[in-house]
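Visitor: Sharing start.pdb below, PDB, C-alpha atoms, pLDDT in the B column:
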```pdb
ATOM      1  CA  MET A   1    -118.468 -90.098 217.785  1.00 56.00           C
ATOM      2  CA  SER A   2    -114.859 -91.102 218.184  1.00 62.00           C
ATOM      3  CA  GLU A   3    -112.296 -88.411 217.942  1.00 70.00           C
ATOM      4  CA  GLN A   4    -109.766 -88.942 215.145  1.00 71.00           C
ATOM      5  CA  PRO A   5    -106.131 -88.318 216.026  1.00 70.00           C
ATOM      6  CA  GLY A   6    -104.540 -85.321 214.432  1.00 68.00           C
ATOM      7  CA  PRO A   7    -101.171 -85.265 212.748  1.00 70.00           C
ATOM      8  CA  ARG A   8     -98.364 -86.469 214.946  1.00 72.00           C
ATOM      9  CA  PRO A   9     -95.795 -83.874 215.838  1.00 69.00           C
ATOM     10  CA  GLY A  10     -92.517 -84.613 214.100  1.00 70.00           C
ATOM     11  CA  PRO A  11     -89.043 -83.393 214.827  1.00 71.00           C
ATOM     12  CA  VAL A  12     -88.702 -79.669 215.053  1.00 70.00           C
ATOM     13  CA  PRO A  13     -86.936 -78.483 211.908  1.00 72.00           C
ATOM     14  CA  GLY A  14     -83.651 -76.774 212.646  1.00 75.00           C
ATOM     15  CA  PRO A  15     -81.378 -74.708 210.493  1.00 80.00           C
ATOM     16  CA  VAL A  16     -80.458 -76.407 207.258  1.00 77.00           C
ATOM     17  CA  PRO A  17     -76.684 -76.614 206.760  1.00 74.00           C
ATOM     18  CA  VAL A  18     -75.603 -74.715 203.697  1.00 75.00           C
ATOM     19  CA  PRO A  19     -73.021 -76.613 201.646  1.00 71.00           C
ATOM     20  CA  VAL A  20     -69.768 -74.754 201.119  1.00 70.00           C
ATOM     21  CA  PRO A  21     -68.760 -74.715 197.453  1.00 69.00           C
ATOM     22  CA  GLY A  22     -65.777 -76.990 196.880  1.00 65.00           C
ATOM     23  CA  ALA A  23     -65.812 -78.418 200.424  1.00 61.00           C
ATOM     24  CA  GLU A  24     -66.057 -81.997 199.203  1.00 61.00           C
ATOM     25  CA  GLU A  25     -63.159 -81.539 196.799  1.00 66.00           C
ATOM     26  CA  ARG A  26     -60.763 -80.627 199.621  1.00 73.00           C
ATOM     27  CA  ARG A  27     -60.994 -83.915 201.530  1.00 82.00           C
ATOM     28  CA  PHE A  28     -60.080 -87.376 200.314  1.00 83.00           C
ATOM     29  CA  PRO A  29     -62.180 -90.386 201.314  1.00 90.00           C
ATOM     30  CA  ARG A  30     -60.816 -92.061 204.447  1.00 90.00           C
ATOM     31  CA  GLY A  31     -60.324 -95.435 202.719  1.00 92.00           C
ATOM     32  CA  LEU A  32     -58.217 -93.820 200.018  1.00 93.00           C
ATOM     33  CA  VAL A  33     -55.983 -92.146 202.590  1.00 92.00           C
ATOM     34  CA  VAL A  34     -55.490 -95.411 204.497  1.00 93.00           C
ATOM     35  CA  ARG A  35     -54.661 -97.350 201.315  1.00 95.00           C
ATOM     36  CA  LEU A  36     -52.286 -94.659 200.091  1.00 95.00           C
ATOM     37  CA  PHE A  37     -50.479 -94.646 203.435  1.00 94.00           C
ATOM     38  CA  ALA A  38     -50.262 -98.457 203.478  1.00 95.00           C
ATOM     39  CA  TYR A  39     -48.964 -98.604 199.891  1.00 96.00           C
ATOM     40  CA  LEU A  40     -46.337 -95.946 200.623  1.00 96.00           C
ATOM     41  CA  ILE A  41     -45.118 -97.814 203.701  1.00 97.00           C
ATOM     42  CA  ALA A  42     -45.137-101.169 201.894  1.00 96.00           C
ATOM     43  CA  GLY A  43     -43.354 -99.679 198.881  1.00 96.00           C
ATOM     44  CA  HIS A  44     -40.616 -98.182 201.029  1.00 97.00           C
ATOM     45  CA  LEU A  45     -40.162-101.433 202.954  1.00 97.00           C
ATOM     46  CA  PHE A  46     -39.860-103.353 199.682  1.00 97.00           C
ATOM     47  CA  ALA A  47     -37.347-100.827 198.323  1.00 97.00           C
ATOM     48  CA  ALA A  48     -35.318-101.064 201.555  1.00 98.00           C
ATOM     49  CA  PHE A  49     -35.315-104.870 201.259  1.00 98.00           C
ATOM     50  CA  LEU A  50     -34.059-104.706 197.668  1.00 97.00           C
ATOM     51  CA  TYR A  51     -31.398-102.191 198.681  1.00 97.00           C
ATOM     52  CA  LEU A  52     -30.276-104.524 201.472  1.00 96.00           C
ATOM     53  CA  LEU A  53     -30.052-107.429 198.999  1.00 95.00           C
ATOM     54  CA  PHE A  54     -27.881-105.388 196.637  1.00 95.00           C
ATOM     55  CA  VAL A  55     -25.632-104.172 199.460  1.00 95.00           C
ATOM     56  CA  LEU A  56     -25.150-107.678 200.827  1.00 93.00           C
ATOM     57  CA  GLY A  57     -24.669-109.087 197.302  1.00 92.00           C
ATOM     58  CA  GLY A  58     -22.015-106.442 196.545  1.00 91.00           C
ATOM     59  CA  GLN A  59     -20.007-107.395 199.623  1.00 89.00           C
ATOM     60  CA  ASN A  60     -19.596-110.993 198.456  1.00 76.00           C
ATOM     61  CA  GLN A  61     -17.704-110.040 195.276  1.00 71.00           C
TER      62      GLN A  61
END
```
Could you take the file, read its structure, and then write that structure out as structure tokens?

Guide:
Amino acid sequence: MSEQPGPRPGPVPGPVPVPVPGAEERRFPRGLVVRLFAYLIAGHLFAAFLYLLFVLGGQNQ
């Protein structure tokens, strides 16, 4: 008779990480942080450009 293979050994189970309550609420998704930073920089650059236009326009009067 042929010997049938037994179950294959799988990965040894380690300790299961216990989720900390509220841990996911403390961090923002990375994409949101990048977009927020980009919008803040772009908004300030646009505001500085408008300010420059008004300053230069006020000098011509």

Visitor: What does the distance from CA of Ile41 in chain A to CA of Leu56 in chain A come to in Å, to one decimal?

Guide: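 A separation of 22.5 Å between them.
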
Visitor: Between CA of Val33 in chain A and CA of Ala48 in chain A, what is the spacing in Å?

Guide: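 Interatomic distance, CA of Ala48 in chain A to CA of Val33 in chain A: 22.5 Å.
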
Visitor: Just to confirm, what's the straight-line distance from CA of Leu50 in chain A to CA of Leu36 in chain A in Å (one decimal)?

Guide: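 Atom-to-atom, CA of Leu50 in chain A to CA of Leu36 in chain A, that is 21.0 Å.
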
Visitor: Edge lengths and centre, in Å to one decimal, as lines of an AutoDock Vina configuration file: that's what I need for the box along x, y and z that holds all listed atoms of range 29-39 of chain A plus 4 Å on each side.

Guide:
```
center_x = -55.6
center_y = -94.5
center_z = 202.2
size_x = 21.2
size_y = 16.2
size_z = 12.6
```
